[in-house]
file protein.cif (mmCIF, C-alpha atoms)
data_my_file
loop_
_atom_site.label_atom_id
_atom_site.label_comp_id
_atom_site.auth_asym_id
_atom_site.auth_seq_id
_atom_site.Cartn_x
_atom_site.Cartn_y
_atom_site.Cartn_z
CA MET A 1 -152.07 77.68 -62.46
CA PRO A 2 -152.78 74.13 -61.21
CA GLU A 3 -155.47 72.04 -62.79
CA ILE A 4 -158.65 71.29 -60.89
CA SER A 5 -158.71 67.81 -59.36
CA ASP A 6 -161.40 65.42 -60.54
CA ASP A 7 -162.47 64.07 -57.18
CA PRO A 8 -161.94 65.70 -53.76
CA ILE A 9 -163.90 63.00 -51.94
CA SER A 10 -161.46 60.32 -53.13
CA ASP A 11 -158.59 62.50 -51.87
CA ILE A 12 -160.29 62.73 -48.48
CA LEU A 13 -161.12 59.02 -48.20
CA ARG A 14 -157.49 58.18 -48.92
CA LEU A 15 -156.23 60.58 -46.26
CA ILE A 16 -158.55 59.26 -43.55
CA ARG A 17 -157.29 55.73 -44.34
CA LEU A 18 -160.67 54.20 -45.10
CA LYS A 19 -160.97 50.44 -44.77
CA GLY A 20 -164.08 48.35 -45.40
CA CYS A 21 -165.17 45.15 -43.67
CA VAL A 22 -168.07 42.73 -44.17
CA TYR A 23 -169.49 40.84 -41.18
CA PHE A 24 -171.93 38.57 -42.95
CA GLN A 25 -174.73 38.07 -45.43
CA SER A 26 -177.50 36.10 -43.75
CA ASP A 27 -181.19 35.23 -43.89
CA PHE A 28 -183.35 35.98 -40.84
CA SER A 29 -186.65 34.35 -39.91
CA SER A 30 -189.17 36.00 -37.58
CA PRO A 31 -189.05 36.66 -34.74
CA TRP A 32 -185.54 38.12 -34.83
CA GLY A 33 -183.72 41.16 -33.51
CA MET A 34 -180.12 42.18 -32.86
CA GLU A 35 -178.69 45.12 -30.96
CA MET A 36 -175.41 46.74 -32.01
CA SER A 37 -173.42 48.59 -29.38
CA ALA A 38 -171.92 52.01 -29.98
CA GLY A 39 -168.35 51.83 -31.26
CA PRO A 40 -165.60 53.53 -33.24
CA PHE A 41 -166.71 52.07 -36.58
CA ALA A 42 -169.26 53.31 -39.11
CA GLN A 43 -171.63 50.35 -39.46
CA TYR A 44 -173.74 49.69 -42.55
CA HIS A 45 -176.62 47.37 -43.41
CA ALA A 46 -178.09 46.55 -46.83
CA VAL A 47 -181.47 44.83 -47.17
CA LEU A 48 -181.17 42.26 -49.95
CA HIS A 49 -184.59 40.64 -49.39
CA GLY A 50 -187.70 41.42 -47.39
CA GLN A 51 -187.82 44.24 -44.88
CA CYS A 52 -186.95 45.10 -41.28
CA TRP A 53 -186.82 47.99 -38.83
CA LEU A 54 -183.86 50.08 -37.75
CA ILE A 55 -184.21 51.44 -34.21
CA LEU A 56 -181.90 54.39 -33.56
CA GLY A 57 -182.46 56.13 -30.25
CA GLY A 58 -186.17 56.94 -30.22
CA GLU A 59 -186.42 56.78 -34.02
CA ARG A 60 -187.89 53.92 -36.05
CA HIS A 61 -186.98 53.52 -39.72
CA LEU A 62 -188.62 50.92 -41.96
CA LEU A 63 -186.04 49.36 -44.29
CA ASN A 64 -187.27 47.74 -47.49
CA ILE A 65 -185.49 45.57 -50.04
CA GLY A 66 -182.81 47.64 -51.76
CA ASP A 67 -182.38 50.06 -48.85
CA VAL A 68 -178.93 50.75 -47.41
CA VAL A 69 -178.25 52.48 -44.09
CA LEU A 70 -174.93 53.86 -42.88
CA LEU A 71 -174.30 55.00 -39.30
CA PRO A 72 -171.15 57.13 -39.68
CA GLN A 73 -170.80 58.06 -36.00
CA GLY A 74 -171.00 54.48 -34.72
CA ASP A 75 -174.21 55.03 -32.71
CA ALA A 76 -175.84 52.12 -30.89
CA HIS A 77 -178.81 50.77 -32.83
CA ALA A 78 -180.96 47.70 -33.38
CA LEU A 79 -182.29 45.79 -36.37
CA VAL A 80 -185.54 43.90 -35.80
CA ASP A 81 -188.34 42.26 -37.73
CA SER A 82 -190.81 44.25 -35.62
CA PRO A 83 -190.38 47.10 -33.12
CA ALA A 84 -191.98 44.82 -30.51
CA THR A 85 -189.37 42.04 -30.90
CA SER A 86 -186.72 41.59 -28.22
CA THR A 87 -183.08 41.61 -29.33
CA ARG A 88 -179.88 39.62 -28.94
CA PRO A 89 -176.48 41.32 -28.71
CA GLY A 90 -175.09 41.77 -32.20
CA ILE A 91 -171.78 40.19 -31.22
CA GLU A 92 -173.64 36.97 -30.35
CA VAL A 93 -175.46 36.99 -33.68
CA LEU A 94 -172.20 37.56 -35.56
CA SER A 95 -170.44 34.78 -33.64
CA ALA A 96 -173.27 32.32 -34.35
CA ILE A 97 -173.34 33.10 -38.07
CA GLN A 98 -169.57 32.88 -38.43
CA SER A 99 -169.55 29.50 -36.67
CA GLY A 100 -172.26 28.15 -38.97
CA GLN A 101 -175.08 28.25 -36.42
CA LYS A 102 -178.55 29.78 -36.67
CA PRO A 103 -178.83 32.82 -34.37
CA PHE A 104 -182.65 32.71 -34.57
CA PRO A 105 -185.28 29.95 -35.06
CA ASP A 106 -185.78 28.47 -38.51
CA GLY A 107 -188.77 29.63 -40.49
CA GLU A 108 -189.77 31.66 -43.48
CA THR A 109 -187.13 34.24 -44.39
CA THR A 110 -188.40 37.74 -43.68
CA ALA A 111 -185.14 39.56 -44.36
CA ARG A 112 -181.73 38.96 -45.92
CA LEU A 113 -179.09 41.39 -44.73
CA LEU A 114 -175.55 42.30 -45.71
CA CYS A 115 -173.83 43.88 -42.71
CA GLY A 116 -170.39 45.31 -42.03
CA HIS A 117 -168.45 48.39 -41.05
CA PHE A 118 -166.01 50.99 -42.25
CA GLU A 119 -163.10 52.13 -40.15
CA PHE A 120 -161.14 55.31 -40.65
CA ASP A 121 -158.72 57.49 -38.76
CA ARG A 122 -161.00 59.66 -36.62
CA THR A 123 -157.99 61.65 -35.40
CA MET A 124 -157.88 63.24 -38.86
CA LYS A 125 -159.34 66.70 -38.28
CA HIS A 126 -161.25 67.17 -41.51
CA PRO A 127 -164.74 68.67 -41.85
CA PHE A 128 -165.83 65.63 -43.86
CA VAL A 129 -165.46 63.50 -40.72
CA ARG A 130 -166.88 66.23 -38.47
CA ASP A 131 -170.05 66.75 -40.53
CA LEU A 132 -171.07 63.16 -41.24
CA PRO A 133 -174.65 62.69 -39.97
CA ARG A 134 -175.59 60.00 -37.47
CA LEU A 135 -177.67 58.21 -40.14
CA ILE A 136 -177.62 58.02 -43.92
CA HIS A 137 -180.59 56.11 -45.35
CA ILE A 138 -180.51 55.37 -49.08
CA LYS A 139 -183.94 54.15 -50.13
CA SER A 140 -184.84 51.91 -53.02
CA THR A 141 -187.24 53.17 -55.67
CA SER A 142 -190.39 51.72 -57.18
CA ASN A 143 -188.09 50.12 -59.75
CA GLY A 144 -186.22 48.21 -57.05
CA PRO A 145 -182.72 48.52 -55.57
CA PRO A 146 -180.28 51.09 -56.97
CA ASN A 147 -178.36 49.75 -59.96
CA TRP A 148 -175.05 50.10 -58.12
CA LEU A 149 -176.30 48.00 -55.20
CA ALA A 150 -177.55 45.30 -57.56
CA ALA A 151 -174.11 45.28 -59.21
CA ILE A 152 -171.95 45.30 -56.07
CA THR A 153 -173.72 42.92 -53.70
CA PRO A 154 -173.46 39.72 -55.80
CA MET A 155 -169.69 40.19 -56.05
CA LEU A 156 -169.43 40.93 -52.33
CA VAL A 157 -171.56 37.97 -51.31
CA SER A 158 -169.72 35.55 -53.62
CA ASN A 159 -166.41 36.40 -51.93
CA ILE A 160 -167.47 36.33 -48.27
CA GLY A 161 -165.74 33.46 -46.48
CA VAL A 162 -164.04 32.18 -49.64
CA ALA A 163 -160.57 30.79 -48.89
CA GLN A 164 -158.79 31.95 -52.04
CA PRO A 165 -155.85 34.29 -52.62
CA GLY A 166 -156.84 37.95 -52.57
CA THR A 167 -160.36 37.38 -51.24
CA ASN A 168 -160.00 39.70 -48.24
CA THR A 169 -158.68 42.49 -50.44
CA ILE A 170 -161.56 42.04 -52.91
CA VAL A 171 -164.12 42.22 -50.09
CA GLU A 172 -162.47 45.30 -48.56
CA ARG A 173 -162.37 47.13 -51.89
CA LEU A 174 -165.96 46.26 -52.81
CA ALA A 175 -167.12 47.40 -49.37
CA GLU A 176 -165.32 50.69 -49.97
CA VAL A 177 -167.05 51.02 -53.35
CA LEU A 178 -170.34 50.47 -51.51
CA LEU A 179 -169.52 53.33 -49.13
CA ILE A 180 -168.60 55.70 -51.96
CA GLN A 181 -171.86 54.89 -53.75
CA VAL A 182 -173.83 55.54 -50.56
CA LEU A 183 -172.08 58.90 -50.13
CA ARG A 184 -172.63 59.74 -53.80
CA SER A 185 -176.35 58.99 -53.53
CA TYR A 186 -176.54 61.06 -50.36
CA LEU A 187 -174.77 63.97 -52.04
CA LEU A 188 -177.32 64.02 -54.86
CA ASP A 189 -180.07 64.58 -52.30
CA GLN A 190 -178.48 67.42 -50.35
CA SER A 191 -180.33 70.42 -51.76
CA GLY A 192 -180.76 73.07 -49.08
CA GLU A 193 -178.52 71.27 -46.60
CA HIS A 194 -175.38 72.59 -44.92
CA GLY A 195 -172.09 71.02 -43.92
CA PHE A 196 -169.21 69.51 -45.82
CA LEU A 197 -171.23 66.97 -47.79
CA ALA A 198 -173.44 69.81 -48.97
CA ALA A 199 -170.27 71.71 -49.92
CA LEU A 200 -169.30 68.84 -52.19
CA GLY A 201 -172.67 69.20 -53.88
CA ASP A 202 -172.18 72.92 -54.54
CA ARG A 203 -170.50 73.51 -57.91
CA HIS A 204 -168.41 76.52 -56.90
CA ILE A 205 -167.25 75.18 -53.53
CA ASN A 206 -166.61 71.72 -54.93
CA ASP A 207 -164.41 73.28 -57.61
CA ALA A 208 -162.64 75.36 -54.94
CA LEU A 209 -161.90 72.21 -52.94
CA LYS A 210 -160.57 70.49 -56.05
CA PHE A 211 -158.35 73.47 -56.84
CA ILE A 212 -156.98 73.60 -53.29
CA HIS A 213 -156.29 69.86 -53.18
CA VAL A 214 -154.26 69.99 -56.39
CA GLY A 215 -152.51 73.28 -55.60
CA ALA A 216 -151.57 72.55 -52.00
CA GLU A 217 -147.88 72.20 -52.84
CA ARG A 218 -147.60 75.72 -54.23
CA ASP A 219 -148.29 79.24 -52.95
CA ILE A 220 -151.86 79.74 -54.15
CA THR A 221 -153.93 82.76 -53.14
CA LEU A 222 -157.59 83.44 -52.43
CA ALA A 223 -157.77 85.52 -55.61
CA GLU A 224 -156.41 82.61 -57.63
CA VAL A 225 -158.96 80.16 -56.20
CA ALA A 226 -161.81 82.62 -56.71
CA LYS A 227 -160.84 83.22 -60.34
CA ALA A 228 -160.61 79.48 -61.02
CA VAL A 229 -164.16 78.85 -59.77
CA GLY A 230 -165.79 81.98 -61.18
CA LEU A 231 -166.57 83.88 -57.98
CA SER A 232 -165.37 87.10 -56.42
CA ARG A 233 -163.01 86.77 -53.47
CA SER A 234 -165.69 87.91 -51.02
CA GLY A 235 -168.30 85.68 -52.64
CA LEU A 236 -166.06 82.64 -52.40
CA ALA A 237 -165.00 83.42 -48.82
CA THR A 238 -168.61 83.83 -47.64
CA LYS A 239 -169.95 80.74 -49.36
CA PHE A 240 -166.95 78.60 -48.39
CA LYS A 241 -167.24 79.61 -44.73
CA GLU A 242 -170.97 78.90 -44.73
CA LEU A 243 -170.66 75.37 -46.12
CA VAL A 244 -167.21 74.18 -45.05
CA GLY A 245 -167.07 76.01 -41.72
CA ASP A 246 -163.71 77.67 -42.35
CA THR A 247 -162.06 80.14 -44.70
CA PRO A 248 -160.50 78.87 -47.95
CA MET A 249 -156.99 79.75 -46.78
CA ASN A 250 -157.44 78.09 -43.38
CA TYR A 251 -158.76 75.01 -45.17
CA LEU A 252 -155.68 75.10 -47.41
CA THR A 253 -153.41 75.07 -44.35
CA SER A 254 -155.36 72.23 -42.72
CA TRP A 255 -155.28 70.24 -45.96
CA ARG A 256 -151.52 70.73 -46.25
CA MET A 257 -151.04 69.45 -42.70
CA LEU A 258 -153.18 66.39 -43.41
CA LYS A 259 -151.10 65.70 -46.51
CA ALA A 260 -147.95 66.12 -44.41
CA ARG A 261 -149.32 63.70 -41.86
CA GLU A 262 -149.94 61.15 -44.61
CA ILE A 263 -146.36 61.49 -45.87
CA LEU A 264 -144.94 61.18 -42.35
CA GLN A 265 -146.98 58.02 -41.77
CA SER A 266 -145.82 56.39 -44.98
CA GLY A 267 -142.03 56.50 -44.70
CA SER A 268 -138.80 58.25 -43.80
CA VAL A 269 -139.03 61.24 -46.14
CA PRO A 270 -136.75 64.04 -44.81
CA LEU A 271 -138.72 66.80 -43.08
CA VAL A 272 -137.40 69.44 -45.46
CA GLU A 273 -138.83 67.44 -48.38
CA VAL A 274 -142.14 66.95 -46.58
CA ALA A 275 -142.30 70.73 -46.14
CA VAL A 276 -141.73 71.33 -49.86
CA ARG A 277 -144.35 68.75 -50.86
CA VAL A 278 -147.01 70.64 -48.90
CA GLY A 279 -146.13 74.14 -50.07
CA TYR A 280 -143.53 75.37 -47.56
CA THR A 281 -140.08 76.68 -48.49
CA SER A 282 -139.08 76.84 -44.81
CA GLU A 283 -138.86 73.69 -42.69
CA SER A 284 -139.26 75.74 -39.50
CA ALA A 285 -142.43 77.45 -40.78
CA PHE A 286 -143.80 74.05 -41.76
CA SER A 287 -142.98 72.60 -38.33
CA ARG A 288 -144.75 75.47 -36.57
CA ALA A 289 -147.85 75.06 -38.74
CA PHE A 290 -147.88 71.30 -38.19
CA LYS A 291 -147.63 71.70 -34.42
CA ARG A 292 -150.47 74.23 -34.37
CA GLU A 293 -152.65 71.81 -36.29
CA HIS A 294 -151.74 68.49 -34.66
CA GLY A 295 -150.37 69.45 -31.24
CA GLN A 296 -146.88 68.05 -31.78
CA SER A 297 -143.92 68.59 -34.07
CA PRO A 298 -143.56 66.58 -37.31
CA GLY A 299 -140.61 64.71 -35.83
CA ALA A 300 -142.53 63.80 -32.67
CA PHE A 301 -145.50 62.67 -34.75
CA ARG A 302 -143.28 60.45 -36.89
CA HIS A 303 -141.71 58.89 -33.78
CA SER A 304 -145.18 58.18 -32.34
CA VAL A 305 -146.16 56.41 -35.57
CA GLU A 306 -142.96 54.34 -35.50
CA ARG A 307 -143.52 53.36 -31.84
CA SER A 308 -147.09 52.34 -32.62
CA GLU A 309 -145.96 50.20 -35.56
CA ASP A 310 -143.24 48.58 -33.44
CA ALA A 311 -145.78 47.76 -30.72
CA GLN A 312 -148.13 46.19 -33.26
CA ALA A 313 -145.27 44.13 -34.70
CA VAL A 314 -144.49 42.73 -31.24
CA VAL A 315 -148.12 41.76 -30.70
#

call {"tool": "encode", "arguments": {"input": "protein.cif", "output": "structure tokens"}}
result
Amino acid sequence: MPEISDDPISDILRLIRLKGCVYFQSDFSSPWGMEMSAGPFAQYHAVLHGQCWLILGGERHLLNIGDVVLLPQGDAHALVDSPATSTRPGIEVLSAIQSGQKPFPDGETTARLLCGHFEFDRTMKHPFVRDLPRLIHIKSTSNGPPNWLAAITPMLVSNIGVAQPGTNTIVERLAEVLLIQVLRSYLLDQSGEHGFLAALGDRHINDALKFIHVGAERDITLAEVAKAVGLSRSGLATKFKELVGDTPMNYLTSWRMLKAREILQSGSVPLVEVAVRVGYTSESAFSRAFKREHGQSPGAFRHSVERSEDAQAVV
């Protein structure tokens, strides 16, 4: 029997090829406002000083010092000192800051923001990506910013724009730590919610996901998963379907195909070995399952990755 993995969310973040980026840390003096267009990235903003407003569609959210917001679906939004303030395009604000200019008039600082984005492979068909909400708002408490934010931001800020070896990697990794902490805080406040993030917060389903992730390379059964997490087969199947949106065995197949995709993207491992690594003794059965999941054969997928890498090398 395989052991239960410690951390399914880390497995998932690795598979979706998460990468963090920081735009800037900057002070803003009233009146100020910037509008971010919709895009493929999950943008985030942390309020390090003062307060501001997030405008998302018809919603207004007051952000105080220590608050962090994440917009996983890349929705258009605005940050303003007041809902009545007009805005500049965010790309203009970013360009001005990065060139050392002031995007807004000088004056008393009303907000200090740390802004950036996370990019990940949205073609990865995983319920984690599917079920991310349009907004995650982590609020500070009466005691101030969360301890993790107070620990991470000084290191992030001290490395932004520093021309030293390894700086970009440090910033990327710290930004990724920021994302994981945001998700962790969100998970702790998911009582009564549904969707994949709520599944991670449910002890039985979280353990089932861990078991499946570790056991994907062998022929595990529903009965085996149910026994490992302390539920009946029907109890596990019902609860898993409710929270994850699929059956445990269908999730196992999808997870295997995502693992196969990762292996195919990372090198020239023979297809028969890829099949074995994801729990198939037959290369043809593996190829059929992969095509059902991703719309093309493993070989065709590998060739498409190679062509894409060659094109990027030419550019």

call {"tool": "resolve_selection", "arguments": {"input": "protein.cif", "expression": "the PyMOL selection byres ((chain A and resi 254-269) around 6)", "output": "ChimeraX atom specification"}}
result
/A:251-253,270,278,290,302

call {"tool": "residues_around", "arguments": {"input": "protein.cif", "residues": "Ile170 (chain A)", "least_positions_apart": "6", "cutoff": "10 Å", "atoms": "all atoms listed in the file", "output": "JSON list (two decimals) with C-alpha atoms, keeping the file's coordinate frame"}}
result
[["chain", "number", "residue", "atom", "x", "y", "z"],
["A", 155, "MET", "CA", -169.69, 40.19, -56.05],
["A", 156, "LEU", "CA", -169.43, 40.93, -52.33],
["A", 159, "ASN", "CA", -166.41, 36.40, -51.93],
["A", 160, "ILE", "CA", -167.47, 36.33, -48.27],
["A", 176, "GLU", "CA", -165.32, 50.69, -49.97]]

call {"tool": "closest_residue", "arguments": {"input": "protein.cif", "among": "A:Pro8, A:Asp81, A:Leu71, A:Ala175", "to": "Ala208 (chain A)", "atoms": "only C-alpha atoms"}}
result
A:Pro8

call {"tool": "closest_residue", "arguments": {"input": "protein.cif", "among": "A:Asn64, A:Gln51, A:Ser99, A:Thr169", "to": "Val22 (chain A)", "atoms": "all atoms listed in the file"}}
result
A:Thr169

call {"tool": "closest_residue", "arguments": {"input": "protein.cif", "among": "A:Asp106, A:Asp27, A:Glu283, A:Glu224", "to": "Leu48 (chain A)", "atoms": "all atoms listed in the file"}}
result
A:Asp27

call {"tool": "residues_around", "arguments": {"input": "protein.cif", "residues": "Val129 (chain A)", "least_positions_apart": "2", "cutoff": "9 Å", "atoms": "all atoms listed in the file", "output": "number ranges by chain"}}
result
A: 16, 72-73, 122, 124-127, 131-132, 196

call {"tool": "closest_residue", "arguments": {"input": "protein.cif", "among": "A:Gly58, A:Gly50, A:Gly195, A:Pro154", "to": "Asp246 (chain A)", "atoms": "all atoms listed in the file"}}
result
A:Gly195

call {"tool": "atom_distance", "arguments": {"input": "protein.cif", "atom1": "CA of Glu172 (chain A)", "atom2": "CA of Ser95 (chain A)"}}
result
19.9 Å

call {"tool": "resolve_selection", "arguments": {"input": "protein.cif", "expression": "the PyMOL selection byres ((chain A and resi 39) around 7)", "output": "list in words"}}
result
Ser37, Ala38, Pro40, Phe41, Gly74 and Asp75 of chain A

call {"tool": "closest_residue", "arguments": {"input": "protein.cif", "among": "A:His137, A:His49, A:Arg17, A:His303", "to": "Tyr186 (chain A)", "atoms": "only C-alpha atoms"}}
result
A:His137

call {"tool": "closest_residue", "arguments": {"input": "protein.cif", "among": "A:Leu174, A:Leu54, A:Leu243, A:Val225", "to": "Ala199 (chain A)", "atoms": "all atoms listed in the file"}}
result
A:Leu243

call {"tool": "resolve_selection", "arguments": {"input": "protein.cif", "expression": "the PyMOL selection byres ((chain A and resi 229) around 10)", "output": "list in words"}}
result
Ile4, Arg203, His204, Ile205, Asn206, Asp207, Ala208, Leu209, Lys210, Phe211, Glu224, Val225, Ala226, Lys227, Ala228, Gly230, Leu231, Ser232 and Leu236 of chain A

call {"tool": "residues_around", "arguments": {"input": "protein.cif", "residues": "Thr153 (chain A)", "least_positions_apart": "3", "cutoff": "9 Å", "atoms": "only C-alpha atoms", "output": "PyMOL selection string"}}
result
chain A and resi 46+48+114+148-150+156-158+174+178

call {"tool": "write_last_selection", "arguments": {"input": "protein.cif", "atoms": "C-alpha atoms", "output": "short mmCIF file (atom, residue, chain, number, x, y, z; two decimals), in the frame of the given file"}}
result
data_model
loop_
_atom_site.label_atom_id
_atom_site.label_comp_id
_atom_site.auth_asym_id
_atom_site.auth_seq_id
_atom_site.Cartn_x
_atom_site.Cartn_y
_atom_site.Cartn_z
CA ALA A 46 -178.09 46.55 -46.83
CA LEU A 48 -181.17 42.26 -49.95
CA LEU A 114 -175.55 42.30 -45.71
CA TRP A 148 -175.05 50.10 -58.12
CA LEU A 149 -176.30 48.00 -55.20
CA ALA A 150 -177.55 45.30 -57.56
CA LEU A 156 -169.43 40.93 -52.33
CA VAL A 157 -171.56 37.97 -51.31
CA SER A 158 -169.72 35.55 -53.62
CA LEU A 174 -165.96 46.26 -52.81
CA LEU A 178 -170.34 50.47 -51.51
#

call {"tool": "atom_distance", "arguments": {"input": "protein.cif", "atom1": "CA of Pro248 (chain A)", "atom2": "CA of Leu222 (chain A)"}}
result
7.0 Å

call {"tool": "atom_distance", "arguments": {"input": "protein.cif", "atom1": "CA of Glu35 (chain A)", "atom2": "CA of Pro89 (chain A)"}}
result
4.9 Å

call {"tool": "residues_around", "arguments": {"input": "protein.cif", "residues": "Met36 (chain A)", "least_positions_apart": "5", "cutoff": "12 Å", "atoms": "all atoms listed in the file", "output": "CSV table (one decimal) with C-alpha atoms, in the coordinates of the input"}}
result
chain,number,residue,atom,x,y,z
A,41,PHE,CA,-166.7,52.1,-36.6
A,42,ALA,CA,-169.3,53.3,-39.1
A,43,GLN,CA,-171.6,50.4,-39.5
A,44,TYR,CA,-173.7,49.7,-42.6
A,45,HIS,CA,-176.6,47.4,-43.4
A,54,LEU,CA,-183.9,50.1,-37.8
A,55,ILE,CA,-184.2,51.4,-34.2
A,56,LEU,CA,-181.9,54.4,-33.6
A,57,GLY,CA,-182.5,56.1,-30.2
A,71,LEU,CA,-174.3,55.0,-39.3
A,74,GLY,CA,-171.0,54.5,-34.7
A,75,ASP,CA,-174.2,55.0,-32.7
A,76,ALA,CA,-175.8,52.1,-30.9
A,77,HIS,CA,-178.8,50.8,-32.8
A,78,ALA,CA,-181.0,47.7,-33.4
A,79,LEU,CA,-182.3,45.8,-36.4
A,80,VAL,CA,-185.5,43.9,-35.8
A,87,THR,CA,-183.1,41.6,-29.3
A,88,ARG,CA,-179.9,39.6,-28.9
A,89,PRO,CA,-176.5,41.3,-28.7
A,90,GLY,CA,-175.1,41.8,-32.2
A,91,ILE,CA,-171.8,40.2,-31.2
A,92,GLU,CA,-173.6,37.0,-30.4
A,93,VAL,CA,-175.5,37.0,-33.7
A,94,LEU,CA,-172.2,37.6,-35.6
A,115,CYS,CA,-173.8,43.9,-42.7
A,116,GLY,CA,-170.4,45.3,-42.0
A,117,HIS,CA,-168.4,48.4,-41.0

call {"tool": "decode", "arguments": {"input": "protein.cif", "residues": "region 251-272 of chain A", "atoms": "N, CA and C atoms", "output": "compact mmCIF listing (two decimals), in the first residue's frame"}}
result
# COMPACT_ATOMS: atom_id res chain seq x y z
N TYR A 251 -10.70 10.77 -11.40
CA TYR A 251 -9.66 11.70 -10.99
C TYR A 251 -8.30 11.04 -11.09
N LEU A 252 -8.21 9.77 -10.68
CA LEU A 252 -6.95 9.03 -10.79
C LEU A 252 -6.46 9.01 -12.23
N THR A 253 -7.35 8.71 -13.17
CA THR A 253 -6.96 8.69 -14.59
C THR A 253 -6.49 10.06 -15.05
N SER A 254 -7.24 11.10 -14.70
CA SER A 254 -6.86 12.46 -15.10
C SER A 254 -5.52 12.85 -14.50
N TRP A 255 -5.29 12.47 -13.23
CA TRP A 255 -4.02 12.79 -12.59
C TRP A 255 -2.87 12.06 -13.27
N ARG A 256 -3.09 10.81 -13.64
CA ARG A 256 -2.06 10.06 -14.36
C ARG A 256 -1.71 10.74 -15.68
N MET A 257 -2.72 11.24 -16.38
CA MET A 257 -2.46 11.87 -17.67
C MET A 257 -1.74 13.22 -17.51
N LEU A 258 -2.03 13.92 -16.42
CA LEU A 258 -1.29 15.15 -16.15
C LEU A 258 0.17 14.85 -15.81
N LYS A 259 0.38 13.78 -15.05
CA LYS A 259 1.75 13.36 -14.74
C LYS A 259 2.48 12.96 -16.02
N ALA A 260 1.77 12.25 -16.91
CA ALA A 260 2.37 11.84 -18.18
C ALA A 260 2.74 13.07 -19.00
N ARG A 261 1.85 14.04 -19.00
CA ARG A 261 2.12 15.27 -19.75
C ARG A 261 3.37 15.96 -19.22
N GLU A 262 3.52 15.99 -17.90
CA GLU A 262 4.71 16.59 -17.30
C GLU A 262 5.97 15.86 -17.75
N ILE A 263 5.94 14.54 -17.75
CA ILE A 263 7.11 13.75 -18.17
C ILE A 263 7.43 14.01 -19.64
N LEU A 264 6.39 14.06 -20.48
CA LEU A 264 6.59 14.28 -21.91
C LEU A 264 7.17 15.67 -22.18
N GLN A 265 6.82 16.64 -21.35
CA GLN A 265 7.32 18.00 -21.52
C GLN A 265 8.77 18.14 -21.09
N SER A 266 9.23 17.23 -20.23
CA SER A 266 10.53 17.42 -19.59
C SER A 266 11.68 16.67 -20.24
N GLY A 267 11.41 15.85 -21.26
CA GLY A 267 12.52 15.14 -21.88
C GLY A 267 12.08 14.05 -22.81
N SER A 268 13.06 13.24 -23.24
CA SER A 268 12.81 12.22 -24.26
C SER A 268 12.67 10.83 -23.64
N VAL A 269 11.90 10.71 -22.58
CA VAL A 269 11.65 9.41 -21.96
C VAL A 269 10.83 8.56 -22.93
N PRO A 270 11.24 7.31 -23.20
CA PRO A 270 10.47 6.45 -24.11
C PRO A 270 9.02 6.33 -23.65
N LEU A 271 8.09 6.25 -24.61
CA LEU A 271 6.68 6.21 -24.27
C LEU A 271 6.33 5.02 -23.39
N VAL A 272 6.98 3.89 -23.63
CA VAL A 272 6.68 2.72 -22.81
C VAL A 272 7.05 2.97 -21.35
